[in-house]
>>> print(open('work-v7.pdb').read())   # PDB, N, CA and C atoms
ATOM      1  N   MET N   1      26.908  36.066 -98.948
ATOM      2  CA  MET N   1      26.194  35.182 -98.060
ATOM      3  C   MET N   1      27.140  34.085 -97.596
ATOM      4  N   HIS N   2      26.893  33.610 -96.405
ATOM      5  CA  HIS N   2      27.834  32.679 -95.807
ATOM      6  C   HIS N   2      27.124  31.380 -95.440
ATOM      7  N   LYS N   3      27.544  30.314 -96.111
ATOM      8  CA  LYS N   3      26.950  29.006 -95.856
ATOM      9  C   LYS N   3      28.036  28.031 -95.435
ATOM     10  N   ARG N   4      27.658  27.098 -94.611
ATOM     11  CA  ARG N   4      28.531  26.000 -94.241
ATOM     12  C   ARG N   4      27.684  24.732 -94.307
ATOM     13  N   GLY N   5      28.045  23.827 -95.193
ATOM     14  CA  GLY N   5      27.293  22.593 -95.336
ATOM     15  C   GLY N   5      25.855  22.822 -95.759
ATOM     16  N   GLY N   6      25.609  23.856 -96.577
ATOM     17  CA  GLY N   6      24.261  24.133 -97.057
ATOM     18  C   GLY N   6      23.418  24.958 -96.102
ATOM     19  N   LEU N   7      23.929  25.219 -94.892
ATOM     20  CA  LEU N   7      23.188  25.994 -93.907
ATOM     21  C   LEU N   7      23.821  27.374 -93.756
ATOM     22  N   PHE N   8      22.991  28.358 -93.484
ATOM     23  CA  PHE N   8      23.519  29.687 -93.215
ATOM     24  C   PHE N   8      24.158  29.689 -91.839
ATOM     25  N   VAL N   9      25.196  30.480 -91.676
ATOM     26  CA  VAL N   9      25.969  30.518 -90.449
ATOM     27  C   VAL N   9      25.787  31.870 -89.769
ATOM     28  N   PHE N  10      25.477  31.845 -88.471
ATOM     29  CA  PHE N  10      25.342  33.097 -87.731
ATOM     30  C   PHE N  10      26.657  33.850 -87.789
ATOM     31  N   MET N  11      26.575  35.147 -88.030
ATOM     32  CA  MET N  11      27.761  35.973 -88.236
ATOM     33  C   MET N  11      28.102  36.738 -86.945
ATOM     34  N   TYR N  12      28.926  36.131 -86.116
ATOM     35  CA  TYR N  12      29.305  36.736 -84.844
ATOM     36  C   TYR N  12      30.064  38.048 -85.042
ATOM     37  N   ASP N  13      30.872  38.140 -86.117
ATOM     38  CA  ASP N  13      31.591  39.379 -86.381
ATOM     39  C   ASP N  13      30.629  40.510 -86.708
ATOM     40  N   ARG N  14      29.560  40.203 -87.411
ATOM     41  CA  ARG N  14      28.551  41.227 -87.713
ATOM     42  C   ARG N  14      27.866  41.686 -86.430
ATOM     43  N   LEU N  15      27.581  40.736 -85.556
ATOM     44  CA  LEU N  15      26.948  41.086 -84.287
ATOM     45  C   LEU N  15      27.843  42.041 -83.502
ATOM     46  N   GLU N  16      29.113  41.716 -83.391
ATOM     47  CA  GLU N  16      30.035  42.568 -82.645
ATOM     48  C   GLU N  16      30.150  43.963 -83.276
ATOM     49  N   GLU N  17      30.198  44.011 -84.593
ATOM     50  CA  GLU N  17      30.283  45.289 -85.301
ATOM     51  C   GLU N  17      29.042  46.145 -85.036
ATOM     52  N   LEU N  18      27.872  45.531 -85.117
ATOM     53  CA  LEU N  18      26.631  46.264 -84.890
ATOM     54  C   LEU N  18      26.507  46.744 -83.449
ATOM     55  N   ILE N  19      26.959  45.932 -82.509
ATOM     56  CA  ILE N  19      26.928  46.347 -81.100
ATOM     57  C   ILE N  19      27.800  47.592 -80.925
ATOM     58  N   ALA N  20      28.993  47.566 -81.492
ATOM     59  CA  ALA N  20      29.902  48.708 -81.384
ATOM     60  C   ALA N  20      29.300  49.953 -82.026
ATOM     61  N   GLU N  21      28.688  49.799 -83.195
ATOM     62  CA  GLU N  21      28.085  50.935 -83.898
ATOM     63  C   GLU N  21      26.887  51.511 -83.147
ATOM     64  N   SER N  22      26.141  50.638 -82.480
ATOM     65  CA  SER N  22      24.900  51.077 -81.834
ATOM     66  C   SER N  22      25.134  51.903 -80.579
ATOM     67  N   GLY N  23      26.267  51.677 -79.927
ATOM     68  CA  GLY N  23      26.522  52.355 -78.662
ATOM     69  C   GLY N  23      25.838  51.663 -77.496
ATOM     70  N   LYS N  24      25.130  50.591 -77.771
ATOM     71  CA  LYS N  24      24.464  49.832 -76.716
ATOM     72  C   LYS N  24      25.469  48.848 -76.130
ATOM     73  N   THR N  25      25.310  48.560 -74.862
ATOM     74  CA  THR N  25      26.220  47.614 -74.224
ATOM     75  C   THR N  25      25.701  46.192 -74.362
ATOM     76  N   ARG N  26      26.610  45.258 -74.239
ATOM     77  CA  ARG N  26      26.196  43.853 -74.262
ATOM     78  C   ARG N  26      25.255  43.567 -73.095
ATOM     79  N   ALA N  27      25.533  44.175 -71.950
ATOM     80  CA  ALA N  27      24.687  43.966 -70.771
ATOM     81  C   ALA N  27      23.255  44.435 -71.049
ATOM     82  N   TYR N  28      23.118  45.588 -71.698
ATOM     83  CA  TYR N  28      21.785  46.103 -72.052
ATOM     84  C   TYR N  28      21.064  45.115 -72.957
ATOM     85  N   LEU N  29      21.765  44.628 -73.992
ATOM     86  CA  LEU N  29      21.152  43.685 -74.926
ATOM     87  C   LEU N  29      20.775  42.386 -74.223
ATOM     88  N   CYS N  30      21.603  41.956 -73.301
ATOM     89  CA  CYS N  30      21.298  40.741 -72.539
ATOM     90  C   CYS N  30      20.013  40.927 -71.723
ATOM     91  N   ARG N  31      19.871  42.087 -71.105
ATOM     92  CA  ARG N  31      18.641  42.364 -70.339
ATOM     93  C   ARG N  31      17.423  42.337 -71.254
ATOM     94  N   LYS N  32      17.555  42.918 -72.450
ATOM     95  CA  LYS N  32      16.439  42.928 -73.401
ATOM     96  C   LYS N  32      16.043  41.499 -73.797
ATOM     97  N   MET N  33      17.032  40.600 -73.818
ATOM     98  CA  MET N  33      16.776  39.207 -74.177
ATOM     99  C   MET N  33      16.374  38.361 -72.973
ATOM    100  N   GLY N  34      16.400  38.971 -71.789
ATOM    101  CA  GLY N  34      16.044  38.227 -70.582
ATOM    102  C   GLY N  34      17.133  37.247 -70.155
ATOM    103  N   ARG N  35      18.380  37.583 -70.442
ATOM    104  CA  ARG N  35      19.530  36.728 -70.109
ATOM    105  C   ARG N  35      20.452  37.457 -69.136
ATOM    106  N   LYS N  36      21.336  36.697 -68.512
ATOM    107  CA  LYS N  36      22.328  37.288 -67.612
ATOM    108  C   LYS N  36      23.275  38.161 -68.416
ATOM    109  N   GLU N  37      23.864  39.162 -67.774
ATOM    110  CA  GLU N  37      24.638  40.178 -68.487
ATOM    111  C   GLU N  37      25.877  39.653 -69.201
ATOM    112  N   TYR N  38      26.332  38.477 -68.894
ATOM    113  CA  TYR N  38      27.511  37.911 -69.567
ATOM    114  C   TYR N  38      27.142  36.955 -70.698
ATOM    115  N   TYR N  39      25.865  36.787 -70.957
ATOM    116  CA  TYR N  39      25.395  35.835 -71.973
ATOM    117  C   TYR N  39      26.033  36.083 -73.343
ATOM    118  N   LEU N  40      25.963  37.303 -73.840
ATOM    119  CA  LEU N  40      26.511  37.594 -75.172
ATOM    120  C   LEU N  40      28.025  37.409 -75.218
ATOM    121  N   ARG N  41      28.698  37.803 -74.162
ATOM    122  CA  ARG N  41      30.145  37.609 -74.119
ATOM    123  C   ARG N  41      30.484  36.132 -74.330
ATOM    124  N   ASP N  42      29.785  35.274 -73.611
ATOM    125  CA  ASP N  42      30.043  33.841 -73.712
ATOM    126  C   ASP N  42      29.636  33.281 -75.071
ATOM    127  N   VAL N  43      28.501  33.714 -75.589
ATOM    128  CA  VAL N  43      28.025  33.232 -76.887
ATOM    129  C   VAL N  43      29.021  33.592 -77.986
ATOM    130  N   ILE N  44      29.494  34.826 -77.975
ATOM    131  CA  ILE N  44      30.430  35.276 -79.006
ATOM    132  C   ILE N  44      31.767  34.544 -78.866
ATOM    133  N   ARG N  45      32.238  34.412 -77.662
ATOM    134  CA  ARG N  45      33.530  33.763 -77.428
ATOM    135  C   ARG N  45      33.486  32.280 -77.823
ATOM    136  N   GLN N  46      32.403  31.606 -77.474
ATOM    137  CA  GLN N  46      32.304  30.168 -77.697
ATOM    138  C   GLN N  46      31.597  29.803 -78.999
ATOM    139  N   LYS N  47      31.086  30.816 -79.712
ATOM    140  CA  LYS N  47      30.359  30.604 -80.964
ATOM    141  C   LYS N  47      29.165  29.657 -80.746
ATOM    142  N   ASN N  48      28.471  29.864 -79.628
ATOM    143  CA  ASN N  48      27.291  29.060 -79.321
ATOM    144  C   ASN N  48      26.124  29.474 -80.216
ATOM    145  N   VAL N  49      25.188  28.585 -80.372
ATOM    146  CA  VAL N  49      23.979  28.872 -81.138
ATOM    147  C   VAL N  49      23.103  29.821 -80.334
ATOM    148  N   ILE N  50      22.602  30.833 -81.006
ATOM    149  CA  ILE N  50      21.674  31.775 -80.377
ATOM    150  C   ILE N  50      20.277  31.406 -80.857
ATOM    151  N   PRO N  51      19.347  31.129 -79.940
ATOM    152  CA  PRO N  51      17.985  30.773 -80.345
ATOM    153  C   PRO N  51      17.356  31.852 -81.226
ATOM    154  N   ALA N  52      16.515  31.420 -82.148
ATOM    155  CA  ALA N  52      15.899  32.311 -83.136
ATOM    156  C   ALA N  52      15.166  33.487 -82.493
ATOM    157  N   ASP N  53      14.468  33.251 -81.393
ATOM    158  CA  ASP N  53      13.726  34.344 -80.766
ATOM    159  C   ASP N  53      14.677  35.413 -80.220
ATOM    160  N   LEU N  54      15.851  35.007 -79.772
ATOM    161  CA  LEU N  54      16.819  35.979 -79.271
ATOM    162  C   LEU N  54      17.511  36.719 -80.414
ATOM    163  N   VAL N  55      17.712  36.041 -81.536
ATOM    164  CA  VAL N  55      18.279  36.705 -82.709
ATOM    165  C   VAL N  55      17.323  37.795 -83.185
ATOM    166  N   GLU N  56      16.029  37.541 -83.106
ATOM    167  CA  GLU N  56      15.038  38.546 -83.490
ATOM    168  C   GLU N  56      15.129  39.782 -82.598
ATOM    169  N   ILE N  57      15.315  39.565 -81.311
ATOM    170  CA  ILE N  57      15.453  40.693 -80.376
ATOM    171  C   ILE N  57      16.717  41.486 -80.708
ATOM    172  N   LEU N  58      17.820  40.771 -80.941
ATOM    173  CA  LEU N  58      19.070  41.445 -81.289
ATOM    174  C   LEU N  58      18.908  42.265 -82.566
ATOM    175  N   ALA N  59      18.296  41.668 -83.576
ATOM    176  CA  ALA N  59      18.108  42.370 -84.850
ATOM    177  C   ALA N  59      17.297  43.645 -84.644
ATOM    178  N   ALA N  60      16.226  43.562 -83.876
ATOM    179  CA  ALA N  60      15.387  44.738 -83.629
ATOM    180  C   ALA N  60      16.164  45.812 -82.869
ATOM    181  N   GLU N  61      16.878  45.413 -81.841
ATOM    182  CA  GLU N  61      17.640  46.375 -81.027
ATOM    183  C   GLU N  61      18.784  47.014 -81.809
ATOM    184  N   LEU N  62      19.363  46.245 -82.732
ATOM    185  CA  LEU N  62      20.517  46.735 -83.485
ATOM    186  C   LEU N  62      20.129  47.300 -84.848
ATOM    187  N   LYS N  63      18.821  47.419 -85.080
ATOM    188  CA  LYS N  63      18.299  48.023 -86.322
ATOM    189  C   LYS N  63      18.834  47.311 -87.572
ATOM    190  N   THR N  64      18.791  45.998 -87.535
ATOM    191  CA  THR N  64      19.214  45.195 -88.678
ATOM    192  C   THR N  64      18.183  44.095 -88.883
ATOM    193  N   SER N  65      18.525  43.121 -89.695
ATOM    194  CA  SER N  65      17.605  42.015 -89.938
ATOM    195  C   SER N  65      18.206  40.706 -89.436
ATOM    196  N   VAL N  66      17.338  39.781 -89.152
ATOM    197  CA  VAL N  66      17.764  38.434 -88.778
ATOM    198  C   VAL N  66      18.592  37.838 -89.913
ATOM    199  N   GLU N  67      18.174  38.112 -91.138
ATOM    200  CA  GLU N  67      18.878  37.582 -92.311
ATOM    201  C   GLU N  67      20.327  38.082 -92.368
ATOM    202  N   TYR N  68      20.537  39.334 -92.020
ATOM    203  CA  TYR N  68      21.892  39.883 -92.019
ATOM    204  C   TYR N  68      22.743  39.177 -90.961
ATOM    205  N   LEU N  69      22.196  39.009 -89.761
ATOM    206  CA  LEU N  69      22.935  38.343 -88.691
ATOM    207  C   LEU N  69      23.204  36.876 -89.009
ATOM    208  N   ASN N  70      22.291  36.254 -89.733
ATOM    209  CA  ASN N  70      22.446  34.838 -90.079
ATOM    210  C   ASN N  70      23.238  34.605 -91.358
ATOM    211  N   GLY N  71      23.736  35.671 -91.972
ATOM    212  CA  GLY N  71      24.526  35.518 -93.184
ATOM    213  C   GLY N  71      23.707  35.219 -94.421
ATOM    214  N   GLU N  72      22.390  35.391 -94.346
ATOM    215  CA  GLU N  72      21.506  35.135 -95.489
ATOM    216  C   GLU N  72      21.427  36.351 -96.415
ATOM    217  N   SER N  73      21.831  37.505 -95.920
ATOM    218  CA  SER N  73      21.772  38.749 -96.672
ATOM    219  C   SER N  73      23.000  39.585 -96.330
ATOM    220  N   ASP N  74      23.436  40.360 -97.290
ATOM    221  CA  ASP N  74      24.541  41.279 -97.033
ATOM    222  C   ASP N  74      24.045  42.702 -96.823
ATOM    223  N   GLU N  75      22.724  42.880 -96.773
ATOM    224  CA  GLU N  75      22.120  44.197 -96.542
ATOM    225  C   GLU N  75      22.046  44.445 -95.037
ATOM    226  N   LYS N  76      22.879  45.364 -94.561
ATOM    227  CA  LYS N  76      23.007  45.607 -93.121
ATOM    228  C   LYS N  76      21.726  46.153 -92.506
ATOM    229  N   HIS N  77      21.118  47.108 -93.178
ATOM    230  CA  HIS N  77      19.914  47.730 -92.632
ATOM    231  C   HIS N  77      18.732  47.391 -93.526
ATOM    232  N   PRO N  78      17.668  46.841 -92.935
ATOM    233  CA  PRO N  78      16.507  46.447 -93.739
ATOM    234  C   PRO N  78      15.811  47.645 -94.365
ATOM    235  N   SER N  79      15.093  47.376 -95.430
ATOM    236  CA  SER N  79      14.331  48.437 -96.091
ATOM    237  C   SER N  79      13.213  48.911 -95.166
ATOM    238  N   ALA N  80      12.644  50.040 -95.489
ATOM    239  CA  ALA N  80      11.569  50.599 -94.659
ATOM    240  C   ALA N  80      10.397  49.635 -94.546
ATOM    241  N   SER N  81      10.071  48.945 -95.629
ATOM    242  CA  SER N  81       8.939  48.014 -95.566
ATOM    243  C   SER N  81       9.265  46.837 -94.652
ATOM    244  N   SER N  82      10.511  46.366 -94.661
ATOM    245  CA  SER N  82      10.909  45.280 -93.773
ATOM    246  C   SER N  82      10.838  45.736 -92.322
ATOM    247  N   ALA N  83      11.249  46.956 -92.066
ATOM    248  CA  ALA N  83      11.204  47.494 -90.710
ATOM    249  C   ALA N  83       9.760  47.584 -90.222
ATOM    250  N   LYS N  84       8.856  48.010 -91.091
ATOM    251  CA  LYS N  84       7.442  48.089 -90.722
ATOM    252  C   LYS N  84       6.878  46.699 -90.452
ATOM    253  N   GLU N  85       7.263  45.732 -91.276
ATOM    254  CA  GLU N  85       6.818  44.355 -91.052
ATOM    255  C   GLU N  85       7.288  43.865 -89.697
ATOM    256  N   GLN N  86       8.527  44.161 -89.343
ATOM    257  CA  GLN N  86       9.070  43.715 -88.068
ATOM    258  C   GLN N  86       8.318  44.353 -86.905
ATOM    259  N   ILE N  87       7.963  45.613 -87.029
ATOM    260  CA  ILE N  87       7.185  46.275 -85.987
ATOM    261  C   ILE N  87       5.842  45.581 -85.813
ATOM    262  N   MET N  88       5.194  45.250 -86.915
ATOM    263  CA  MET N  88       3.903  44.561 -86.849
ATOM    264  C   MET N  88       4.052  43.183 -86.199
ATOM    265  N   ILE N  89       5.090  42.474 -86.553
ATOM    266  CA  ILE N  89       5.337  41.151 -85.968
ATOM    267  C   ILE N  89       5.566  41.285 -84.472
ATOM    268  N   ASP N  90       6.377  42.272 -84.066
ATOM    269  CA  ASP N  90       6.648  42.485 -82.646
ATOM    270  C   ASP N  90       5.370  42.822 -81.886
ATOM    271  N   LEU N  91       4.520  43.672 -82.466
ATOM    272  CA  LEU N  91       3.254  44.012 -81.816
ATOM    273  C   LEU N  91       2.349  42.803 -81.704
ATOM    274  N   PHE N  92       2.311  41.992 -82.746
ATOM    275  CA  PHE N  92       1.493  40.775 -82.725
ATOM    276  C   PHE N  92       1.941  39.840 -81.620
ATOM    277  N   ARG N  93       3.231  39.680 -81.457
ATOM    278  CA  ARG N  93       3.769  38.775 -80.444
ATOM    279  C   ARG N  93       3.475  39.266 -79.019
ATOM    280  N   GLN N  94       3.297  40.565 -78.870
ATOM    281  CA  GLN N  94       3.020  41.117 -77.554
ATOM    282  C   GLN N  94       1.557  40.995 -77.169
ATOM    283  N   MET N  95       0.713  40.647 -78.116
ATOM    284  CA  MET N  95      -0.725  40.544 -77.850
ATOM    285  C   MET N  95      -1.020  39.335 -76.977
ATOM    286  N   ALA N  96      -2.076  39.464 -76.207
ATOM    287  CA  ALA N  96      -2.527  38.344 -75.385
ATOM    288  C   ALA N  96      -3.027  37.210 -76.295
ATOM    289  N   PRO N  97      -2.863  35.955 -75.871
ATOM    290  CA  PRO N  97      -3.263  34.819 -76.712
ATOM    291  C   PRO N  97      -4.736  34.812 -77.093
ATOM    292  N   GLU N  98      -5.598  35.400 -76.272
ATOM    293  CA  GLU N  98      -7.018  35.418 -76.583
ATOM    294  C   GLU N  98      -7.211  36.235 -77.803
TER     295      GLU N  98
END
>>> encode(input="work-v7.pdb", output="structure tokens")
Amino acid sequence: MHKRGGLFVFMYDRLEELIAESGKTRAYLCRKMGRKEYYLRDVIRQKNVIPADLVEILAAELKTSVEYLNGESDEKHPSASSAKEQIMIDLFRQMAPE
């Protein structure tokens, strides 16, 4: 696990590794996040903070966990129960507010 000053640090190297393994392009991931196609390039290069909601999208698209990307866990791929929980959370978020 990777901490700096008591806080977990987003792992840009893990993000790049997962993107390469997935075969998905940065442009595709940017579209999924609703950002311009160069967003990830700039974020990785400048080590900018990625908002939590976008990290969740990246984790889902790259079949990993937010915890792995944030350096809170060294488990690259979540367990089946974690994956099911994430699916339920994603479905809940897509529901209308009513």
>>> closest_residue(input="work-v7.pdb", among="N:Arg14, N:Lys32, N:Tyr38, N:Ser73", to="Ala60 of chain N", atoms="only C-alpha atoms")
N:Lys32
>>> select_by_dssp(input="work-v7.pdb", residues="segment 2-91 of chain N", states="helix (DSSP H, G or I)", output="PyMOL selection string")
chain N and resi 12-22+26-33+39-46+52-61+66-69+80-91
>>> atom_distance(input="work-v7.pdb", atom1="atom N of Pro78 of chain N", atom2="atom N of Thr64 of chain N")
5.6 Å
>>> closest_residue(input="work-v7.pdb", among="N:Leu62, N:Lys36, N:Glu56, N:Ile87", to="Glu21 of chain N", atoms="all atoms listed in the file")
N:Leu62
>>> select_by_dssp(input="work-v7.pdb", residues="chain N", states="strand (DSSP E or B)", output="PyMOL selection string")
chain N and resi 3-4+7-8
>>> atom_distance(input="work-v7.pdb", atom1="atom CA of Asp13 of chain N", atom2="atom CA of Leu91 of chain N")
29.1 Å
>>> atom_distance(input="work-v7.pdb", atom1="atom C of Met95 of chain N", atom2="atom N of Leu69 of chain N")
26.5 Å
>>> resolve_selection(input="work-v7.pdb", expression="the PyMOL selection byres ((chain N and resi 10) around 6.5)", output="short mmCIF file (atom, residue, chain, number, x, y, z; two decimals) with N, CA and C atoms, in the coordinates of the input")
data_model
loop_
_atom_site.label_atom_id
_atom_site.label_comp_id
_atom_site.auth_asym_id
_atom_site.auth_seq_id
_atom_site.Cartn_x
_atom_site.Cartn_y
_atom_site.Cartn_z
N PHE N 8 22.99 28.36 -93.48
CA PHE N 8 23.52 29.69 -93.22
C PHE N 8 24.16 29.69 -91.84
N VAL N 9 25.20 30.48 -91.68
CA VAL N 9 25.97 30.52 -90.45
C VAL N 9 25.79 31.87 -89.77
N MET N 11 26.58 35.15 -88.03
CA MET N 11 27.76 35.97 -88.24
C MET N 11 28.10 36.74 -86.94
N TYR N 12 28.93 36.13 -86.12
CA TYR N 12 29.30 36.74 -84.84
C TYR N 12 30.06 38.05 -85.04
N ASP N 13 30.87 38.14 -86.12
CA ASP N 13 31.59 39.38 -86.38
C ASP N 13 30.63 40.51 -86.71
N LEU N 69 22.20 39.01 -89.76
CA LEU N 69 22.94 38.34 -88.69
C LEU N 69 23.20 36.88 -89.01
N ASN N 70 22.29 36.25 -89.73
CA ASN N 70 22.45 34.84 -90.08
C ASN N 70 23.24 34.60 -91.36
N GLY N 71 23.74 35.67 -91.97
CA GLY N 71 24.53 35.52 -93.18
C GLY N 71 23.71 35.22 -94.42
#
>>> residues_around(input="work-v7.pdb", residues="Leu58 of chain N", least_positions_apart="4", cutoff="10 Å", atoms="only C-alpha atoms", output="PDB file with N, CA and C atoms, keeping the file's coordinate frame")
ATOM      1  N   LEU N  15      27.581  40.736 -85.556  1.00  0.00           N
ATOM      2  CA  LEU N  15      26.948  41.086 -84.287  1.00  0.00           C
ATOM      3  C   LEU N  15      27.843  42.041 -83.502  1.00  0.00           C
ATOM      4  N   LEU N  18      27.872  45.531 -85.117  1.00  0.00           N
ATOM      5  CA  LEU N  18      26.631  46.264 -84.890  1.00  0.00           C
ATOM      6  C   LEU N  18      26.507  46.744 -83.449  1.00  0.00           C
ATOM      7  N   ILE N  19      26.959  45.932 -82.509  1.00  0.00           N
ATOM      8  CA  ILE N  19      26.928  46.347 -81.100  1.00  0.00           C
ATOM      9  C   ILE N  19      27.800  47.592 -80.925  1.00  0.00           C
ATOM     10  N   LEU N  29      21.765  44.628 -73.992  1.00  0.00           N
ATOM     11  CA  LEU N  29      21.152  43.685 -74.926  1.00  0.00           C
ATOM     12  C   LEU N  29      20.775  42.386 -74.223  1.00  0.00           C
ATOM     13  N   CYS N  30      21.603  41.956 -73.301  1.00  0.00           N
ATOM     14  CA  CYS N  30      21.298  40.741 -72.539  1.00  0.00           C
ATOM     15  C   CYS N  30      20.013  40.927 -71.723  1.00  0.00           C
ATOM     16  N   LYS N  32      17.555  42.918 -72.450  1.00  0.00           N
ATOM     17  CA  LYS N  32      16.439  42.928 -73.401  1.00  0.00           C
ATOM     18  C   LYS N  32      16.043  41.499 -73.797  1.00  0.00           C
ATOM     19  N   MET N  33      17.032  40.600 -73.818  1.00  0.00           N
ATOM     20  CA  MET N  33      16.776  39.207 -74.177  1.00  0.00           C
ATOM     21  C   MET N  33      16.374  38.361 -72.973  1.00  0.00           C
ATOM     22  N   ALA N  52      16.515  31.420 -82.148  1.00  0.00           N
ATOM     23  CA  ALA N  52      15.899  32.311 -83.136  1.00  0.00           C
ATOM     24  C   ALA N  52      15.166  33.487 -82.493  1.00  0.00           C
ATOM     25  N   ASP N  53      14.468  33.251 -81.393  1.00  0.00           N
ATOM     26  CA  ASP N  53      13.726  34.344 -80.766  1.00  0.00           C
ATOM     27  C   ASP N  53      14.677  35.413 -80.220  1.00  0.00           C
ATOM     28  N   LEU N  54      15.851  35.007 -79.772  1.00  0.00           N
ATOM     29  CA  LEU N  54      16.819  35.979 -79.271  1.00  0.00           C
ATOM     30  C   LEU N  54      17.511  36.719 -80.414  1.00  0.00           C
ATOM     31  N   LEU N  62      19.363  46.245 -82.732  1.00  0.00           N
ATOM     32  CA  LEU N  62      20.517  46.735 -83.485  1.00  0.00           C
ATOM     33  C   LEU N  62      20.129  47.300 -84.848  1.00  0.00           C
ATOM     34  N   LYS N  63      18.821  47.419 -85.080  1.00  0.00           N
ATOM     35  CA  LYS N  63      18.299  48.023 -86.322  1.00  0.00           C
ATOM     36  C   LYS N  63      18.834  47.311 -87.572  1.00  0.00           C
ATOM     37  N   THR N  64      18.791  45.998 -87.535  1.00  0.00           N
ATOM     38  CA  THR N  64      19.214  45.195 -88.678  1.00  0.00           C
ATOM     39  C   THR N  64      18.183  44.095 -88.883  1.00  0.00           C
ATOM     40  N   SER N  65      18.525  43.121 -89.695  1.00  0.00           N
ATOM     41  CA  SER N  65      17.605  42.015 -89.938  1.00  0.00           C
ATOM     42  C   SER N  65      18.206  40.706 -89.436  1.00  0.00           C
ATOM     43  N   VAL N  66      17.338  39.781 -89.152  1.00  0.00           N
ATOM     44  CA  VAL N  66      17.764  38.434 -88.778  1.00  0.00           C
ATOM     45  C   VAL N  66      18.592  37.838 -89.913  1.00  0.00           C
ATOM     46  N   LEU N  69      22.196  39.009 -89.761  1.00  0.00           N
ATOM     47  CA  LEU N  69      22.935  38.343 -88.691  1.00  0.00           C
ATOM     48  C   LEU N  69      23.204  36.876 -89.009  1.00  0.00           C
TER      49      LEU N  69
END
>>> axis_aligned_box(input="work-v7.pdb", around="segment 70-78 of chain N", padding_each_side="6 Å", output="AutoDock Vina command-line options")
--center_x 20.2 --center_y 41.2 --center_z -93.5 --size_x 20.7 --size_y 25.1 --size_z 19.6
>>> closest_residue(input="work-v7.pdb", among="N:Glu37, N:Val55, N:Thr25, N:Val49", to="Tyr68 of chain N", atoms="only C-alpha atoms")
N:Val55
